[in-house]
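Novice: File name query-v5.cif; file contents mmCIF, C-alpha atoms; full text below.
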data_run
loop_
_atom_site.group_PDB
_atom_site.id
_atom_site.type_symbol
_atom_site.label_atom_id
_atom_site.label_comp_id
_atom_site.auth_asym_id
_atom_site.auth_seq_id
_atom_site.Cartn_x
_atom_site.Cartn_y
_atom_site.Cartn_z
ATOM 1 C CA MET R 1 115.145 101.501 72.452
ATOM 2 C CA PRO R 2 111.496 102.216 73.325
ATOM 3 C CA LYS R 3 110.575 105.039 75.671
ATOM 4 C CA VAL R 4 108.230 102.840 77.722
ATOM 5 C CA SER R 5 108.076 99.146 78.575
ATOM 6 C CA VAL R 6 104.537 98.019 79.429
ATOM 7 C CA LEU R 7 104.703 94.851 81.544
ATOM 8 C CA ILE R 8 101.860 92.320 81.812
ATOM 9 C CA PRO R 9 102.047 89.000 83.710
ATOM 10 C CA VAL R 10 99.570 86.368 82.479
ATOM 11 C CA TYR R 11 98.202 83.321 84.286
ATOM 12 C CA LYS R 12 95.111 81.468 83.030
ATOM 13 C CA THR R 13 93.576 84.805 82.133
ATOM 14 C CA ASN R 14 90.029 84.976 80.796
ATOM 15 C CA GLU R 15 90.628 85.292 77.053
ATOM 16 C CA ASP R 16 88.195 88.164 76.540
ATOM 17 C CA TYR R 17 89.685 90.084 79.454
ATOM 18 C CA LEU R 18 93.189 89.573 78.070
ATOM 19 C CA LYS R 19 92.150 90.712 74.588
ATOM 20 C CA ASN R 20 90.714 93.897 76.071
ATOM 21 C CA ALA R 21 93.799 94.483 78.214
ATOM 22 C CA ILE R 22 96.225 94.119 75.307
ATOM 23 C CA GLY R 23 93.977 96.117 73.006
ATOM 24 C CA SER R 24 93.849 98.987 75.490
ATOM 25 C CA VAL R 25 97.661 99.181 75.402
ATOM 26 C CA LEU R 26 98.006 98.935 71.627
ATOM 27 C CA ASN R 27 95.386 101.672 71.192
ATOM 28 C CA GLN R 28 97.265 104.231 73.307
ATOM 29 C CA THR R 29 97.731 107.727 71.885
ATOM 30 C CA PHE R 30 101.416 107.382 72.865
ATOM 31 C CA LYS R 31 103.091 104.922 70.471
ATOM 32 C CA ASP R 32 106.753 104.585 71.511
ATOM 33 C CA PHE R 33 106.510 101.494 73.707
ATOM 34 C CA GLU R 34 107.138 97.779 73.885
ATOM 35 C CA LEU R 35 104.580 95.415 75.425
ATOM 36 C CA VAL R 36 106.318 92.625 77.350
ATOM 37 C CA ILE R 37 104.129 89.667 78.344
ATOM 38 C CA ILE R 38 105.111 86.562 80.311
ATOM 39 C CA ASP R 39 102.730 83.614 80.563
ATOM 40 C CA ASP R 40 103.270 81.792 83.863
ATOM 41 C CA CYS R 41 101.138 78.761 83.005
ATOM 42 C CA PRO R 42 102.964 76.511 80.501
ATOM 43 C CA THR R 43 100.150 73.925 80.559
ATOM 44 C CA ASP R 44 97.378 76.399 79.699
ATOM 45 C CA THR R 45 98.906 79.263 77.716
ATOM 46 C CA ARG R 46 97.224 82.224 76.058
ATOM 47 C CA GLU R 47 99.551 82.146 73.051
ATOM 48 C CA ASP R 48 96.717 82.171 70.499
ATOM 49 C CA VAL R 49 95.204 85.283 72.040
ATOM 50 C CA ILE R 50 98.481 87.167 72.221
ATOM 51 C CA LYS R 51 99.744 86.240 68.740
ATOM 52 C CA SER R 52 96.393 87.157 67.188
ATOM 53 C CA PHE R 53 97.372 90.821 67.500
ATOM 54 C CA ASN R 54 100.388 90.444 65.174
ATOM 55 C CA ASP R 55 102.039 93.578 66.530
ATOM 56 C CA LYS R 56 105.849 93.848 66.501
ATOM 57 C CA ARG R 57 105.814 95.807 69.766
ATOM 58 C CA ILE R 58 104.659 92.683 71.624
ATOM 59 C CA LYS R 59 107.371 90.521 73.215
ATOM 60 C CA TYR R 60 105.947 87.254 74.522
ATOM 61 C CA GLN R 61 107.503 84.493 76.614
ATOM 62 C CA VAL R 62 106.114 81.369 78.276
ATOM 63 C CA ASN R 63 107.715 80.069 81.471
ATOM 64 C CA THR R 64 108.704 76.402 81.372
ATOM 65 C CA GLU R 65 107.247 76.023 84.864
ATOM 66 C CA ASN R 66 105.028 78.108 87.111
ATOM 67 C CA GLN R 67 107.117 80.610 89.082
ATOM 68 C CA GLY R 68 104.605 82.792 90.921
ATOM 69 C CA ILE R 69 103.718 86.439 90.549
ATOM 70 C CA SER R 70 106.728 88.097 92.229
ATOM 71 C CA LYS R 71 109.290 86.138 90.206
ATOM 72 C CA VAL R 72 107.361 86.823 87.018
ATOM 73 C CA ARG R 73 107.208 90.557 87.758
ATOM 74 C CA ASN R 74 110.981 90.576 88.330
ATOM 75 C CA LYS R 75 111.573 88.691 85.093
ATOM 76 C CA LEU R 76 109.466 91.293 83.286
ATOM 77 C CA LEU R 77 111.616 94.035 84.812
ATOM 78 C CA ASP R 78 114.747 92.251 83.605
ATOM 79 C CA LEU R 79 113.380 92.098 80.053
ATOM 80 C CA ALA R 80 112.295 95.749 79.988
ATOM 81 C CA GLN R 81 114.312 98.082 77.730
ATOM 82 C CA GLY R 82 112.381 101.317 78.174
ATOM 83 C CA GLU R 83 113.368 104.419 80.101
ATOM 84 C CA TYR R 84 110.059 104.101 81.932
ATOM 85 C CA VAL R 85 108.280 100.956 83.101
ATOM 86 C CA ALA R 86 104.478 100.865 83.041
ATOM 87 C CA ILE R 87 102.795 98.185 85.140
ATOM 88 C CA MET R 88 99.498 96.644 84.109
ATOM 89 C CA ASP R 89 97.566 93.583 85.250
ATOM 90 C CA HIS R 90 96.276 91.008 82.798
ATOM 91 C CA ASP R 91 92.555 91.695 83.230
ATOM 92 C CA ASP R 92 92.550 95.488 83.587
ATOM 93 C CA GLU R 93 92.502 98.195 80.925
ATOM 94 C CA SER R 94 94.412 101.420 80.330
ATOM 95 C CA LEU R 95 92.476 104.430 79.123
ATOM 96 C CA PRO R 96 93.750 105.791 75.761
ATOM 97 C CA THR R 97 95.805 108.703 77.092
ATOM 98 C CA ARG R 98 97.350 106.919 80.086
ATOM 99 C CA LEU R 99 100.879 106.485 78.698
ATOM 100 C CA GLU R 100 100.894 109.907 77.057
ATOM 101 C CA LYS R 101 100.010 111.710 80.293
ATOM 102 C CA GLU R 102 102.317 109.699 82.531
ATOM 103 C CA VAL R 103 105.299 110.064 80.166
ATOM 104 C CA GLU R 104 104.678 113.793 79.822
ATOM 105 C CA PHE R 105 104.623 114.195 83.604
ATOM 106 C CA LEU R 106 107.868 112.276 84.189
ATOM 107 C CA ASP R 107 109.604 114.080 81.324
ATOM 108 C CA LYS R 108 108.714 117.461 82.809
ATOM 109 C CA HIS R 109 109.319 116.609 86.482
ATOM 110 C CA LYS R 110 112.694 114.914 86.836
ATOM 111 C CA GLU R 111 112.455 114.845 90.633
ATOM 112 C CA TYR R 112 109.479 112.457 90.421
ATOM 113 C CA GLY R 113 110.091 108.780 89.838
ATOM 114 C CA VAL R 114 106.647 107.226 90.315
ATOM 115 C CA VAL R 115 103.343 108.316 88.809
ATOM 116 C CA SER R 116 99.931 106.661 88.866
ATOM 117 C CA SER R 117 96.285 107.727 89.091
ATOM 118 C CA SER R 118 92.852 107.119 90.446
ATOM 119 C CA TYR R 119 90.989 104.300 88.695
ATOM 120 C CA ASN R 120 87.548 103.356 87.457
ATOM 121 C CA LEU R 121 85.790 100.243 88.703
ATOM 122 C CA MET R 122 84.926 98.474 85.467
ATOM 123 C CA GLY R 123 81.237 98.000 84.773
ATOM 124 C CA THR R 124 80.188 100.733 87.205
ATOM 125 C CA ASP R 125 80.099 104.514 87.302
ATOM 126 C CA LYS R 126 82.349 104.508 90.391
ATOM 127 C CA TYR R 127 86.013 105.352 90.709
ATOM 128 C CA ILE R 128 88.555 105.146 93.508
ATOM 129 C CA SER R 129 90.389 108.384 94.280
ATOM 130 C CA PHE R 130 93.853 108.488 95.832
ATOM 131 C CA PRO R 131 95.840 111.381 97.358
ATOM 132 C CA GLU R 132 97.446 113.474 94.619
ATOM 133 C CA HIS R 133 100.635 114.966 96.047
ATOM 134 C CA ASP R 134 103.788 113.301 97.366
ATOM 135 C CA SER R 135 103.481 114.245 101.043
ATOM 136 C CA ASP R 136 99.832 113.153 101.232
ATOM 137 C CA ILE R 137 100.570 109.896 99.410
ATOM 138 C CA LYS R 138 103.445 109.038 101.740
ATOM 139 C CA ARG R 139 101.425 109.790 104.870
ATOM 140 C CA ALA R 140 98.713 107.468 103.590
ATOM 141 C CA MET R 141 101.238 104.767 102.654
ATOM 142 C CA ALA R 142 101.828 104.178 106.363
ATOM 143 C CA PHE R 143 98.449 102.405 106.351
ATOM 144 C CA ASP R 144 97.923 100.967 102.859
ATOM 145 C CA ASN R 145 99.141 101.170 99.276
ATOM 146 C CA PHE R 146 97.859 104.396 97.750
ATOM 147 C CA ILE R 147 99.611 103.918 94.416
ATOM 148 C CA CYS R 148 97.373 102.110 91.934
ATOM 149 C CA HIS R 149 99.786 99.377 90.851
ATOM 150 C CA THR R 150 98.022 98.526 87.606
ATOM 151 C CA GLY R 151 98.363 102.193 86.593
ATOM 152 C CA MET R 152 101.881 102.820 87.894
ATOM 153 C CA MET R 153 104.771 104.120 85.784
ATOM 154 C CA VAL R 154 108.279 104.254 87.276
ATOM 155 C CA ARG R 155 111.719 105.306 86.089
ATOM 156 C CA ARG R 156 113.560 102.060 85.381
ATOM 157 C CA SER R 157 116.838 103.636 86.517
ATOM 158 C CA LEU R 158 115.479 103.892 90.082
ATOM 159 C CA LEU R 159 114.866 100.166 90.206
ATOM 160 C CA THR R 160 118.248 99.203 88.773
ATOM 161 C CA GLU R 161 120.399 101.719 90.678
ATOM 162 C CA HIS R 162 118.891 100.783 94.059
ATOM 163 C CA ASN R 163 118.306 97.082 93.295
ATOM 164 C CA ILE R 164 114.610 97.366 94.078
ATOM 165 C CA ARG R 165 112.739 94.164 93.285
ATOM 166 C CA TYR R 166 109.427 92.489 94.026
ATOM 167 C CA GLU R 167 109.717 90.347 97.171
ATOM 168 C CA GLU R 168 107.976 86.999 97.227
ATOM 169 C CA GLN R 169 107.569 86.947 101.019
ATOM 170 C CA TYR R 170 105.167 89.899 100.763
ATOM 171 C CA SER R 171 103.001 88.398 98.022
ATOM 172 C CA PRO R 172 100.177 89.044 97.240
ATOM 173 C CA ALA R 173 100.964 92.536 98.603
ATOM 174 C CA GLU R 174 104.288 92.697 96.758
ATOM 175 C CA ASP R 175 103.101 95.855 94.985
ATOM 176 C CA TYR R 176 102.738 97.631 98.341
ATOM 177 C CA MET R 177 106.262 96.725 99.449
ATOM 178 C CA ILE R 178 107.986 97.766 96.231
ATOM 179 C CA CYS R 179 106.324 101.177 96.539
ATOM 180 C CA LEU R 180 107.535 101.462 100.134
ATOM 181 C CA HIS R 181 111.106 100.828 98.983
ATOM 182 C CA LEU R 182 110.737 103.446 96.238
ATOM 183 C CA MET R 183 109.563 106.000 98.825
ATOM 184 C CA GLU R 184 113.137 106.307 100.098
ATOM 185 C CA TYR R 185 114.483 107.586 96.790
ATOM 186 C CA THR R 186 111.907 109.590 94.874
ATOM 187 C CA LEU R 187 108.711 111.633 94.808
ATOM 188 C CA PHE R 188 105.280 110.224 93.981
ATOM 189 C CA TYR R 189 102.347 111.723 92.086
ATOM 190 C CA ASN R 190 98.780 110.530 91.429
ATOM 191 C CA PHE R 191 96.628 111.991 88.674
ATOM 192 C CA LYS R 192 93.224 112.784 90.122
ATOM 193 C CA GLU R 193 91.552 111.662 86.908
ATOM 194 C CA PRO R 194 91.360 107.891 86.387
ATOM 195 C CA LEU R 195 93.792 106.609 83.749
ATOM 196 C CA VAL R 196 93.007 102.901 84.150
ATOM 197 C CA LYS R 197 90.004 100.647 84.602
ATOM 198 C CA TYR R 198 90.198 97.942 87.249
ATOM 199 C CA ARG R 199 88.175 94.757 86.868
ATOM 200 C CA PHE R 200 86.782 93.599 90.208
ATOM 201 C CA HIS R 201 85.444 90.025 90.065
ATOM 202 C CA GLU R 202 85.378 86.771 91.987
ATOM 203 C CA ASN R 203 88.818 85.680 90.749
ATOM 204 C CA ASN R 204 90.729 88.678 92.078
ATOM 205 C CA THR R 205 93.727 87.711 94.220
ATOM 206 C CA SER R 206 92.233 89.698 97.092
ATOM 207 C CA LYS R 207 89.218 87.361 97.168
ATOM 208 C CA LEU R 208 90.970 84.050 96.551
ATOM 209 C CA GLN R 209 93.716 84.707 99.106
ATOM 210 C CA GLN R 210 92.113 87.135 101.538
ATOM 211 C CA ASP R 211 93.823 85.778 104.652
ATOM 212 C CA LYS R 212 97.223 85.831 102.951
ATOM 213 C CA MET R 213 96.560 89.323 101.595
ATOM 214 C CA ASP R 214 95.586 90.648 105.015
ATOM 215 C CA PHE R 215 98.698 89.223 106.650
ATOM 216 C CA ALA R 216 101.061 90.428 103.885
ATOM 217 C CA ALA R 217 99.540 93.910 103.970
ATOM 218 C CA ALA R 218 99.915 93.963 107.755
ATOM 219 C CA MET R 219 103.629 93.146 107.393
ATOM 220 C CA CYS R 220 103.975 95.985 104.894
ATOM 221 C CA ARG R 221 102.218 98.420 107.234
ATOM 222 C CA ASN R 222 104.463 97.365 110.080
ATOM 223 C CA PHE R 223 107.520 97.976 107.878
ATOM 224 C CA ALA R 224 106.188 101.363 106.748
ATOM 225 C CA GLN R 225 105.522 102.579 110.258
ATOM 226 C CA ARG R 226 108.988 101.521 111.450
ATOM 227 C CA GLN R 227 110.846 102.752 108.358
ATOM 228 C CA PHE R 228 109.016 106.063 108.025
ATOM 229 C CA PRO R 229 108.066 107.198 111.552
ATOM 230 C CA TYR R 230 107.752 110.810 110.394
ATOM 231 C CA TYR R 231 104.982 110.005 107.934
ATOM 232 C CA TYR R 232 103.352 107.605 110.392
ATOM 233 C CA HIS R 233 103.070 110.154 113.210
ATOM 234 C CA GLU R 234 102.204 113.018 110.889
ATOM 235 C CA SER R 235 99.447 110.929 109.314
ATOM 236 C CA LYS R 236 97.421 111.072 112.521
ATOM 237 C CA GLU R 237 96.293 114.470 111.243
ATOM 238 C CA TYR R 238 95.383 113.009 107.848
ATOM 239 C CA PRO R 239 91.820 114.005 106.793
ATOM 240 C CA PHE R 240 90.150 110.624 106.821
ATOM 241 C CA SER R 241 87.051 110.614 104.661
ATOM 242 C CA LYS R 242 85.525 107.253 105.431
ATOM 243 C CA VAL R 243 84.922 105.292 108.612
ATOM 244 C CA ILE R 244 85.530 101.620 108.014
ATOM 245 C CA CYS R 245 82.861 99.350 109.478
ATOM 246 C CA ASN R 246 83.624 97.013 112.354
ATOM 247 C CA LYS R 247 84.885 93.671 111.116
ATOM 248 C CA LYS R 248 86.628 90.566 112.469
ATOM 249 C CA SER R 249 88.707 88.057 110.515
ATOM 250 C CA TRP R 250 91.433 85.492 111.095
ATOM 251 C CA VAL R 251 94.783 84.615 109.549
ATOM 252 C CA LYS R 252 94.891 80.819 109.777
ATOM 253 C CA LEU R 253 98.032 78.746 110.280
ATOM 254 C CA PHE R 254 98.192 75.901 107.747
ATOM 255 C CA GLY R 255 94.745 77.044 106.659
ATOM 256 C CA LYS R 256 93.146 75.543 109.766
ATOM 257 C CA ILE R 257 94.437 76.967 113.071
ATOM 258 C CA ASN R 258 93.328 80.451 114.155
ATOM 259 C CA PHE R 259 96.658 82.290 114.359
ATOM 260 C CA ILE R 260 96.144 86.057 114.148
ATOM 261 C CA LYS R 261 92.841 87.802 114.807
ATOM 262 C CA ILE R 262 92.231 91.002 112.832
ATOM 263 C CA LYS R 263 89.630 93.264 114.422
ATOM 264 C CA LYS R 264 88.542 96.493 112.758
ATOM 265 C CA GLN R 265 86.788 99.054 114.929
ATOM 266 C CA GLY R 266 86.087 102.301 113.133
ATOM 267 C CA LEU R 267 89.405 103.604 111.812
ATOM 268 C CA VAL R 268 91.517 101.325 114.011
ATOM 269 C CA THR R 269 92.607 97.797 113.107
ATOM 270 C CA ASN R 270 93.981 95.679 115.940
ATOM 271 C CA TYR R 271 96.005 92.470 115.487
ATOM 272 C CA TYR R 272 95.964 89.751 118.181
ATOM 273 C CA LEU R 273 98.113 86.635 118.334
ATOM 274 C CA PHE R 274 95.828 83.643 118.922
ATOM 275 C CA GLY R 275 92.974 86.085 119.340
ATOM 276 C CA PHE R 276 93.957 87.682 122.655
ATOM 277 C CA LEU R 277 97.652 88.718 122.705
ATOM 278 C CA PRO R 278 97.943 92.254 121.214
ATOM 279 C CA ILE R 279 100.602 92.564 118.488
ATOM 280 C CA PHE R 280 100.084 96.054 117.067
ATOM 281 C CA SER R 281 97.419 98.500 115.930
ATOM 282 C CA VAL R 282 97.109 100.585 112.772
ATOM 283 C CA VAL R 283 94.714 103.250 111.563
ATOM 284 C CA ASP R 284 92.955 102.632 108.253
ATOM 285 C CA VAL R 285 92.464 105.367 105.682
ATOM 286 C CA ASP R 286 90.045 105.608 102.798
ATOM 287 C CA GLY R 287 91.225 103.443 99.944
ATOM 288 C CA HIS R 288 90.796 100.210 98.070
ATOM 289 C CA ARG R 289 93.511 97.562 97.878
ATOM 290 C CA LYS R 290 94.005 95.806 94.635
ATOM 291 C CA GLY R 291 95.681 92.455 94.494
#
Before anything else, please render the file you have as structure tokens.
Specialist:
Amino acid sequence: MPKVSVLIPVYKTNEDYLKNAIGSVLNQTFKDFELVIIDDCPTDTREDVIKSFNDKRIKYQVNTENQGISKVRNKLLDLAQGEYVAIMDHDDESLPTRLEKEVEFLDKHKEYGVVSSSYNLMGTDKYISFPEHDSDIKRAMAFDNFICHTGMMVRRSLLTEHNIRYEEQYSPAEDYMICLHLMEYTLFYNFKEPLVKYRFHENNTSKLQQDKMDFAAAMCRNFAQRQFPYYYHESKEYPFSKVICNKKSWVKLFGKINFIKIKKQGLVTNYYLFGFLPIFSVVDVDGHRKG
């Protein structure tokens, strides 16, 4: 049984990006892992790319029909055999010591069940920094996901014992919600140094489905603030480091009808039904959502 299961969902991935993603896993300094890949596009697979590596640690499946990201992530979890599960997206890259450092941390700190890191923005000299320690992370999670999903490693036993799964109704913010469920049972840690590189481009989920992402993230925030009132109220003292510019956007019903107006004013985001009926307000913190 491998120590770590690295899980990658694939869907019409740019072939060069996928080669780099897989290569970054196979070139890790830590070697005791399996790489489980599911292709969710049976009509346009990446089988040639994946099989070109000829590495016995790779386990590859193709879905007979498209199932969507949450179902694919759950299927990957079901296939995983490792003590730890490492999440990675199909177009990102792990830095060489990522698995080594995350495994070492979880081995030494049994009370922690989730570890991730800051991340580099690929092609730039910039990186996104997240809170490091559990209490700071959980205060921030009342407003957004401050666990880099593509760099996350979690104890598989936590997921199985508490039946924690990805939930389709929160897609494409399903990563945010699964972290909120994990908050109830374990401690979190973020390495300050980046351990992954995130590729930001025009095909990111957050660009293609911005309205859906905004609404799903709002549902997650609402859940977080109701489920964890302590962290929500304590977070009002959180040292915000960036004022978010004023911005207005809409969640559209059936893609056409203005349904929910999202209005950002400084650190506060207000949500209005049909543009004028207040629903709730949240306070944004410095961070960058990845979808």
Novice: Determine the residue membership of the PyMOL selection byres ((chain R and resi 146-158) around 7) for the file above and supply it as a list of chain:residue names.
Specialist: R:Glu83, R:Tyr84, R:Val85, R:Ala86, R:Ile87, R:Met88, R:Asp89, R:Glu102, R:Gly113, R:Val114, R:Val115, R:Ser116, R:Ser117, R:Ser118, R:Phe130, R:Ile137, R:Ala140, R:Met141, R:Asp144, R:Asn145, R:Leu159, R:Thr160, R:Glu161, R:His162, R:Asp175, R:Leu195, R:Val196
Novice: To one decimal in Å, tell me the separation between atom CA of R:Ile58 and atom CA of R:Leu26.
Specialist: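 Between atom CA of R:Ile58 and atom CA of R:Leu26 the gap works out to 9.1 Å.
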Novice: How big is the axis-aligned box around the listed atoms of stretch 138-150 of chain R once 6 Å is added on each side, and where is its centre? Give both in Å to one decimal, as lines of an AutoDock Vina configuration file.
Specialist:
center_x = 100.4
center_y = 104.2
center_z = 97.0
size_x = 18.1
size_y = 23.3
size_z = 30.8
Novice: In Å to one decimal, how far is atom CA of R:Glu174 from atom CA of R:Cys41?
Specialist: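 A separation of 19.8 Å between them.
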Novice: Just checking: using all atoms listed in the file, which residue out of R:Val10, R:Leu106, R:Val25, R:Ile260 ends up closest to R:Asn63?
Specialist: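 Among the listed residues, R:Val10 lies closest to R:Asn63.
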Novice: The PyMOL selection byres ((chain R and resi 185) around 10) on the file shown: which residues, as a ChimeraX atom specification?
Specialist: /R:111-113,158-159,162,180-184,186-188
Novice: What is the atom CA of R:Glu65-atom CA of R:Glu47 distance in Å, reported with one decimal?
Specialist: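 Interatomic distance, atom CA of R:Glu65 to atom CA of R:Glu47: 15.4 Å.
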Novice: I need the output of the PyMOL selection byres ((chain R and resi 127) around 10) for this file as a list in words; which residues are they?
Specialist: Ser118, Tyr119, Asn120, Leu121, Met122, Thr124, Asp125, Lys126, Ile128, Ser129, Phe130, Glu193, Pro194, Val196, Lys197 and Tyr198 of chain R
Novice: Please provide as number ranges by chain all residues within 10 Å of R:Asn27, with the sequence filter that same-chain residues fewer than 6 positions apart are discarded (counting only C-alpha atoms).
Specialist: R: 94-97
Novice: If I only want stretch 18-36 of chain R, can you write it with N, CA and C atoms, as a JSON list (two decimals), in the first residue's frame?
Specialist:
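File out.json, as written:
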[["chain", "number", "residue", "atom", "x", "y", "z"],
["R", 18, "LEU", "N", -0.81, 19.04, -19.11],
["R", 18, "LEU", "CA", -0.96, 17.75, -18.43],
["R", 18, "LEU", "C", 0.38, 17.04, -18.30],
["R", 19, "LYS", "N", 1.19, 17.09, -19.35],
["R", 19, "LYS", "CA", 2.53, 16.49, -19.27],
["R", 19, "LYS", "C", 3.33, 17.10, -18.12],
["R", 20, "ASN", "N", 3.27, 18.42, -18.01],
["R", 20, "ASN", "CA", 4.02, 19.09, -16.94],
["R", 20, "ASN", "C", 3.46, 18.74, -15.57],
["R", 21, "ALA", "N", 2.14, 18.63, -15.47],
["R", 21, "ALA", "CA", 1.52, 18.29, -14.19],
["R", 21, "ALA", "C", 1.94, 16.90, -13.73],
["R", 22, "ILE", "N", 1.83, 15.92, -14.63],
["R", 22, "ILE", "CA", 2.21, 14.55, -14.29],
["R", 22, "ILE", "C", 3.70, 14.45, -14.01],
["R", 23, "GLY", "N", 4.49, 15.11, -14.84],
["R", 23, "GLY", "CA", 5.94, 15.10, -14.63],
["R", 23, "GLY", "C", 6.34, 15.67, -13.29],
["R", 24, "SER", "N", 5.63, 16.70, -12.85],
["R", 24, "SER", "CA", 5.97, 17.32, -11.55],
["R", 24, "SER", "C", 5.70, 16.37, -10.39],
["R", 25, "VAL", "N", 4.73, 15.46, -10.56],
["R", 25, "VAL", "CA", 4.45, 14.47, -9.52],
["R", 25, "VAL", "C", 5.49, 13.35, -9.57],
["R", 26, "LEU", "N", 5.77, 12.84, -10.75],
["R", 26, "LEU", "CA", 6.71, 11.73, -10.87],
["R", 26, "LEU", "C", 8.13, 12.13, -10.48],
["R", 27, "ASN", "N", 8.43, 13.41, -10.51],
["R", 27, "ASN", "CA", 9.77, 13.90, -10.16],
["R", 27, "ASN", "C", 9.89, 14.34, -8.71],
["R", 28, "GLN", "N", 8.93, 13.96, -7.87],
["R", 28, "GLN", "CA", 8.99, 14.33, -6.46],
["R", 28, "GLN", "C", 10.16, 13.64, -5.76],
["R", 29, "THR", "N", 10.72, 14.32, -4.76],
["R", 29, "THR", "CA", 11.78, 13.71, -3.95],
["R", 29, "THR", "C", 11.22, 12.57, -3.10],
["R", 30, "PHE", "N", 9.95, 12.62, -2.76],
["R", 30, "PHE", "CA", 9.27, 11.54, -2.04],
["R", 30, "PHE", "C", 8.72, 10.57, -3.09],
["R", 31, "LYS", "N", 9.00, 9.27, -2.94],
["R", 31, "LYS", "CA", 8.72, 8.30, -4.00],
["R", 31, "LYS", "C", 7.58, 7.33, -3.70],
["R", 32, "ASP", "N", 7.15, 7.22, -2.44],
["R", 32, "ASP", "CA", 6.18, 6.19, -2.07],
["R", 32, "ASP", "C", 4.76, 6.69, -2.30],
["R", 33, "PHE", "N", 4.34, 6.73, -3.55],
["R", 33, "PHE", "CA", 3.00, 7.22, -3.87],
["R", 33, "PHE", "C", 2.43, 6.48, -5.08],
["R", 34, "GLU", "N", 1.12, 6.58, -5.22],
["R", 34, "GLU", "CA", 0.43, 6.19, -6.44],
["R", 34, "GLU", "C", -0.17, 7.46, -7.04],
["R", 35, "LEU", "N", -0.25, 7.51, -8.36],
["R", 35, "LEU", "CA", -0.85, 8.65, -9.05],
["R", 35, "LEU", "C", -2.11, 8.15, -9.74],
["R", 36, "VAL", "N", -3.27, 8.56, -9.21],
["R", 36, "VAL", "CA", -4.56, 8.09, -9.72],
["R", 36, "VAL", "C", -5.17, 9.19, -10.58]]
